[in-house]
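Working notes, structure below.
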Amino acid sequence: MTNGLQNISGTVVLAGAGKMGGAMLSGWLAQGLDARRVVVIEPQPSNDIRALAARGMRLNPSPKDIGNIAALVVALKPQAFREAGPALKPFAGRAALVVSIMAGTTIASVAEVCGGNVVRAMPNTPAAIGRGITVAVAANTVGSAQRTTADALLRAIGSVEWVEDESLMDAVTAVSGSGPAYVFLLAEELARAGVAAGLPEALATKLARETLAGSGELLHRSDLSAASLRQNVTSPGGTTAAALEVLMGADGLELLMTRAVAAATRRSRELAK
Ligand SMILES: NC(=O)c1ccc[n+]([C@@H]2O[C@H](COP(=O)([O-])OP(=O)(O)OC[C@H]3O[C@@H](n4cnc5c(N)ncnc54)[C@H](OP(=O)(O)O)[C@@H]3O)[C@@H](O)[C@H]2O)c1
């Protein structure tokens with residue numbers, strides 16, 4: 001299998017192998033990046049991460065013991081980055097390319113703490129199964145070869161969209177970063193409503209979960225828009241139409257979702273440093 005990862009020359013350094021960093025690492029290895037080309041900086045590595053050392057991945061080596069560094073990927077919590085970021089300077093300085101997936105952390109603040117040419121990216125949790133969507137924005141110091149490297153590293157966990165305007169990242173965070181939680185809430189509420197309509201809880205939970213999962217997969221595979229897929233299951237005067245009249249009413253989902261995304265966008269702006 002060839003993909004952009006095979007074209008990366010040098011070592012990839014991952015700082016922080018938690019949920020999202022670990023998902024990225026799994027994606028890289030699954031897509032053929034040689035474990036010997038990966039270094040993980042992580043004070044408390046999980047057993048899974050330790051096991052990778054047996055395949056040649058290096059854990060917490062000194063920066064001077066790593067050859068050519070292609071990229072430093074920062075997947076720390078933003079609070080941890082403020083403390084641990086300066087220690088990453090030797091990696092960032094040698095890599096020149098720094099890919100940060102830290103929510104609400106601007107390109108300028110990453111560059112200020114650890115230096116390097118920064119790509120800021122916002123992935124989401126379906127990354128854990130290789131089905132995330134990531135939006136990325138590059139500092140104007142990032143060259144085209146570095147952008148290609150960043151793209152290949154991010155594409156290992158799903159699709160990637162690039163934007164030119166960093167200020168869009170707050171709305172991106174509100175739509176795709178936080179979005180999986182809205183979908184899970186929909187599954188919870190559909191199950192609850194099923195119970196209220198008389199179904200046993202276990203059955204309602206299963207119906208809601210599989211309906212969300214199956215519809216998501218259908219949306220993923222279909223060329224049709226979400227609106228067309230919806231219209232295809234709505235006969236005039238039927239049961240779906242009765243429900244959609246409520247959901248699409250004046251105080252329905254459009255209003256709620258607009259308010260929810262606006263609230264998350266505002267919060268992302270407040271948290272950004
Ligand atoms: N999860 C998401 O849905 C999501 C989506 C978009 C963006 N992000 C971003 O991804 C980043 C990581 O989130 P996460 O959910 O993966 O968090 P997480 O599971 O807590 O991962 C952070 C990892 O960094 C490690 N760490 C702490 N201090 C360190 C240091 N000094 N040097 C190296 N590693 C250190 C942590 O180790 P300890 O556990 O030992 O502290 C942990 O394994 C965050 O900035 C978040 O904003 C997450």
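Chains: A, B, ... in order of the structure tokens. Residues: from 1 per chain. Ligands: from 1, in order shown.
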
Could you give me, as a Markdown table, a per-residue list for chain A showing, wherever an atom lies at most 8 Å from an atom of ligand 1, the closest pair of atoms and their distance in Å to one decimal, using only C-alpha atoms and all ligand atoms and sorting by chain then residue number from low to high?
```
| residue | atom | partner | partner_atom_place_in_ligand_line | distance |
| --- | --- | --- | --- | --- |
| A:Ala15 | CA | ligand 1 | 33 (C) | 4.9 |
| A:Gly16 | CA | ligand 1 | 24 (O) | 3.4 |
| A:Ala17 | CA | ligand 1 | 43 (O) | 4.6 |
| A:Gly18 | CA | ligand 1 | 21 (O) | 3.3 |
| A:Lys19 | CA | ligand 1 | 16 (O) | 3.6 |
| A:Met20 | CA | ligand 1 | 16 (O) | 3.6 |
| A:Gly21 | CA | ligand 1 | 16 (O) | 5.4 |
| A:Gly22 | CA | ligand 1 | 16 (O) | 7.2 |
| A:Ile41 | CA | ligand 1 | 33 (C) | 4.9 |
| A:Glu42 | CA | ligand 1 | 34 (N) | 3.9 |
| A:Pro43 | CA | ligand 1 | 33 (C) | 5.6 |
| A:Gln44 | CA | ligand 1 | 40 (O) | 4.4 |
| A:Pro45 | CA | ligand 1 | 43 (O) | 6.8 |
| A:Ser46 | CA | ligand 1 | 43 (O) | 7.9 |
| A:Val74 | CA | ligand 1 | 11 (C) | 7.7 |
| A:Ala75 | CA | ligand 1 | 11 (C) | 4.4 |
| A:Leu76 | CA | ligand 1 | 24 (O) | 4.2 |
| A:Lys77 | CA | ligand 1 | 45 (O) | 3.7 |
| A:Pro78 | CA | ligand 1 | 45 (O) | 4.8 |
| A:Ala80 | CA | ligand 1 | 28 (N) | 5.2 |
| A:Phe81 | CA | ligand 1 | 31 (N) | 7.1 |
| A:Glu83 | CA | ligand 1 | 31 (N) | 7.2 |
| A:Ala84 | CA | ligand 1 | 31 (N) | 4.5 |
| A:Gly85 | CA | ligand 1 | 31 (N) | 7.5 |
| A:Ser100 | CA | ligand 1 | 45 (O) | 8.0 |
| A:Ile101 | CA | ligand 1 | 9 (C) | 5.1 |
| A:Met102 | CA | ligand 1 | 45 (O) | 3.2 |
| A:Ala103 | CA | ligand 1 | 47 (O) | 3.6 |
| A:Gly104 | CA | ligand 1 | 47 (O) | 7.0 |
| A:Thr105 | CA | ligand 1 | 45 (O) | 7.9 |
| A:Ala121 | CA | ligand 1 | 7 (C) | 7.8 |
| A:Met122 | CA | ligand 1 | 6 (C) | 5.1 |
| A:Pro123 | CA | ligand 1 | 6 (C) | 4.6 |
| A:Asn124 | CA | ligand 1 | 5 (C) | 4.4 |
| A:Thr125 | CA | ligand 1 | 3 (O) | 4.4 |
| A:Thr173 | CA | ligand 1 | 6 (C) | 7.8 |
| A:Gly177 | CA | ligand 1 | 5 (C) | 5.5 |
| A:Ser178 | CA | ligand 1 | 3 (O) | 7.4 |
```

Subject >> Contacts of Ile69 in chain A within 8 Å, only C-alpha atoms, excl. fewer than 5 positions in-chain, as a list in words >> reply: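 Contacts, in chain order: Gly10, Thr11, Val12, Val13, Phe91, Arg94 and Ala95 of chain A.
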
Same residues, N, CA and C atoms, saved as a PDB file, in the first residue's frame:
```pdb
ATOM      1  N   GLY A  10      12.398  10.803   7.315  1.00  0.00           N
ATOM      2  CA  GLY A  10      12.770  11.212   8.662  1.00  0.00           C
ATOM      3  C   GLY A  10      11.807  10.633   9.679  1.00  0.00           C
ATOM      4  N   THR A  11      12.055  10.991  10.936  1.00  0.00           N
ATOM      5  CA  THR A  11      11.304  10.440  12.061  1.00  0.00           C
ATOM      6  C   THR A  11      10.128  11.341  12.414  1.00  0.00           C
ATOM      7  N   VAL A  12       9.028  10.706  12.814  1.00  0.00           N
ATOM      8  CA  VAL A  12       7.871  11.461  13.293  1.00  0.00           C
ATOM      9  C   VAL A  12       7.872  11.391  14.821  1.00  0.00           C
ATOM     10  N   VAL A  13       7.869  12.552  15.455  1.00  0.00           N
ATOM     11  CA  VAL A  13       7.876  12.598  16.925  1.00  0.00           C
ATOM     12  C   VAL A  13       6.479  12.968  17.404  1.00  0.00           C
ATOM     13  N   PHE A  91      12.970  19.343  19.698  1.00  0.00           N
ATOM     14  CA  PHE A  91      12.344  18.542  18.635  1.00  0.00           C
ATOM     15  C   PHE A  91      11.779  19.473  17.558  1.00  0.00           C
ATOM     16  N   ARG A  94      14.391  21.069  15.321  1.00  0.00           N
ATOM     17  CA  ARG A  94      14.995  20.177  14.326  1.00  0.00           C
ATOM     18  C   ARG A  94      13.985  19.774  13.253  1.00  0.00           C
ATOM     19  N   ALA A  95      12.710  19.619  13.671  1.00  0.00           N
ATOM     20  CA  ALA A  95      11.695  19.174  12.708  1.00  0.00           C
ATOM     21  C   ALA A  95      11.303  20.312  11.781  1.00  0.00           C
TER      22      ALA A  95
END
```

Hey, which bits of range 190-238 of chain A sit within 12 Å of range 130-143 of chain A, and for each residue what's the closest pair of atoms and how far apart in Å (one decimal), counting only C-alpha atoms, rows by chain and increasing number, as JSON lines?
```
{"residue": "A:Gly216", "atom": "CA", "partner": "A:Arg131", "partner_atom": "CA", "distance": 11.3}
{"residue": "A:Glu217", "atom": "CA", "partner": "A:Arg131", "partner_atom": "CA", "distance": 10.8}
{"residue": "A:His220", "atom": "CA", "partner": "A:Arg131", "partner_atom": "CA", "distance": 10.0}
```

Give me a file of those residues, with N, CA and C atoms, as an mmCIF file, in the first residue's frame.
```
data_model
loop_
_atom_site.group_PDB
_atom_site.id
_atom_site.type_symbol
_atom_site.label_atom_id
_atom_site.label_comp_id
_atom_site.auth_asym_id
_atom_site.auth_seq_id
_atom_site.Cartn_x
_atom_site.Cartn_y
_atom_site.Cartn_z
ATOM 1 N N GLY A 216 -25.826 6.958 9.672
ATOM 2 C CA GLY A 216 -24.520 7.594 9.472
ATOM 3 C C GLY A 216 -23.759 6.897 8.359
ATOM 4 N N GLU A 217 -23.811 5.585 8.346
ATOM 5 C CA GLU A 217 -23.096 4.822 7.317
ATOM 6 C C GLU A 217 -23.724 5.058 5.938
ATOM 7 N N HIS A 220 -22.647 8.304 4.753
ATOM 8 C CA HIS A 220 -21.233 8.203 4.365
ATOM 9 C C HIS A 220 -21.090 7.608 2.963
#
```

Original post:
Which polymer residues have any atom within 9 Å of an atom of Thr265 in chain A, counting only C-alpha atoms, with same-chain residues fewer than 3 positions away left out, as an MDAnalysis selection string?
Top reply: chainID A and resid 169:175 260:262 268:270

Same residues, N, CA, C and O atoms, saved as a tab-separated table (two decimals), in the first residue's frame:
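out.tsv written:
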```
chain	number	residue	atom	x	y	z
A	169	MET	N	-11.43	28.29	12.87
A	169	MET	CA	-11.25	27.10	13.71
A	169	MET	C	-12.23	27.05	14.89
A	169	MET	O	-12.55	25.97	15.39
A	170	ASP	N	-12.72	28.21	15.32
A	170	ASP	CA	-13.70	28.19	16.42
A	170	ASP	C	-15.02	27.55	15.95
A	170	ASP	O	-15.58	26.70	16.65
A	171	ALA	N	-15.46	27.94	14.75
A	171	ALA	CA	-16.70	27.35	14.23
A	171	ALA	C	-16.48	25.88	13.84
A	171	ALA	O	-17.37	25.04	14.00
A	172	VAL	N	-15.27	25.56	13.35
A	172	VAL	CA	-14.94	24.17	13.02
A	172	VAL	C	-15.03	23.32	14.29
A	172	VAL	O	-15.62	22.24	14.30
A	173	THR	N	-14.46	23.83	15.37
A	173	THR	CA	-14.50	23.12	16.65
A	173	THR	C	-15.95	22.88	17.06
A	173	THR	O	-16.30	21.78	17.51
A	174	ALA	N	-16.79	23.88	16.84
A	174	ALA	CA	-18.19	23.79	17.25
A	174	ALA	C	-18.98	22.80	16.39
A	174	ALA	O	-19.94	22.20	16.85
A	175	VAL	N	-18.58	22.63	15.12
A	175	VAL	CA	-19.34	21.74	14.23
A	175	VAL	C	-18.77	20.31	14.27
A	175	VAL	O	-19.46	19.38	14.67
A	260	ALA	N	-26.81	26.00	19.63
A	260	ALA	CA	-25.76	25.13	20.21
A	260	ALA	C	-24.41	25.42	19.56
A	260	ALA	O	-23.39	25.58	20.26
A	261	VAL	N	-24.39	25.50	18.23
A	261	VAL	CA	-23.12	25.73	17.52
A	261	VAL	C	-22.59	27.14	17.84
A	261	VAL	O	-21.38	27.33	18.02
A	262	ALA	N	-23.51	28.10	17.96
A	262	ALA	CA	-23.06	29.46	18.30
A	262	ALA	C	-22.45	29.47	19.70
A	262	ALA	O	-21.42	30.13	19.94
A	268	SER	N	-15.22	28.43	22.32
A	268	SER	CA	-13.92	28.16	21.72
A	268	SER	C	-13.12	29.46	21.63
A	268	SER	O	-11.92	29.49	21.92
A	269	ARG	N	-13.82	30.56	21.26
A	269	ARG	CA	-13.14	31.86	21.16
A	269	ARG	C	-12.64	32.30	22.53
A	269	ARG	O	-11.53	32.79	22.67
A	270	GLU	N	-13.48	32.08	23.57
A	270	GLU	CA	-13.08	32.48	24.93
A	270	GLU	C	-11.86	31.69	25.39
A	270	GLU	O	-10.98	32.23	26.07
```

**OP:** If you run DSSP over the backbone, which residues in range 43-252 of chain A end up helix (DSSP H, G or I)? Put them as a PyMOL selection string.
**Re:** chain A and resi 47-53+63-65+78-95+107-114+125-129+144-155+166-177+179-196+201-221+226-232+239-247

Original post:
Could you state the separation of CA of Leu255 in chain A and CA of Leu186 in chain A in Å, given to one decimal place?
Top reply: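 Between these atoms lies a distance of 15.4 Å.
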
Original post:
So what do you get for CA of Leu29 in chain A versus CA of Asn117 in chain A, distance-wise?
Top reply: 24.6 Å

Original post:
Of the candidates A:Ala226, A:Met248, A:Ala71, A:Ile157, which shows the shortest atom-to-atom distance to Val118 in chain A, using only C-alpha atoms?
Top reply: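 Of A:Ala226, A:Met248, A:Ala71, A:Ile157, the one nearest Val118 in chain A, counting only C-alpha atoms, is A:Ala71.
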
Subject >> Point-to-point distance in Å for CA of Ser159 in chain A and CA of Glu112 in chain A >> reply: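 So the answer is 28.6 Å.
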
For Ala150 in chain A: contacts at 9 Å, only C-alpha atoms, fewer than 6 positions along chain excluded, given as an mmCIF file with C-alpha atoms, in the first residue's frame:
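Final output, result-v9.cif:
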```cif
data_model
loop_
_atom_site.group_PDB
_atom_site.id
_atom_site.type_symbol
_atom_site.label_atom_id
_atom_site.label_comp_id
_atom_site.auth_asym_id
_atom_site.auth_seq_id
_atom_site.Cartn_x
_atom_site.Cartn_y
_atom_site.Cartn_z
ATOM 1 C CA ALA A 71 7.570 16.469 12.114
ATOM 2 C CA VAL A 73 3.015 16.203 16.388
ATOM 3 C CA LEU A 97 7.233 21.304 11.119
ATOM 4 C CA VAL A 98 4.973 21.208 14.175
ATOM 5 C CA VAL A 99 1.467 19.751 13.827
ATOM 6 C CA VAL A 119 0.052 23.514 11.313
ATOM 7 C CA ALA A 136 -6.189 22.090 9.265
#
```
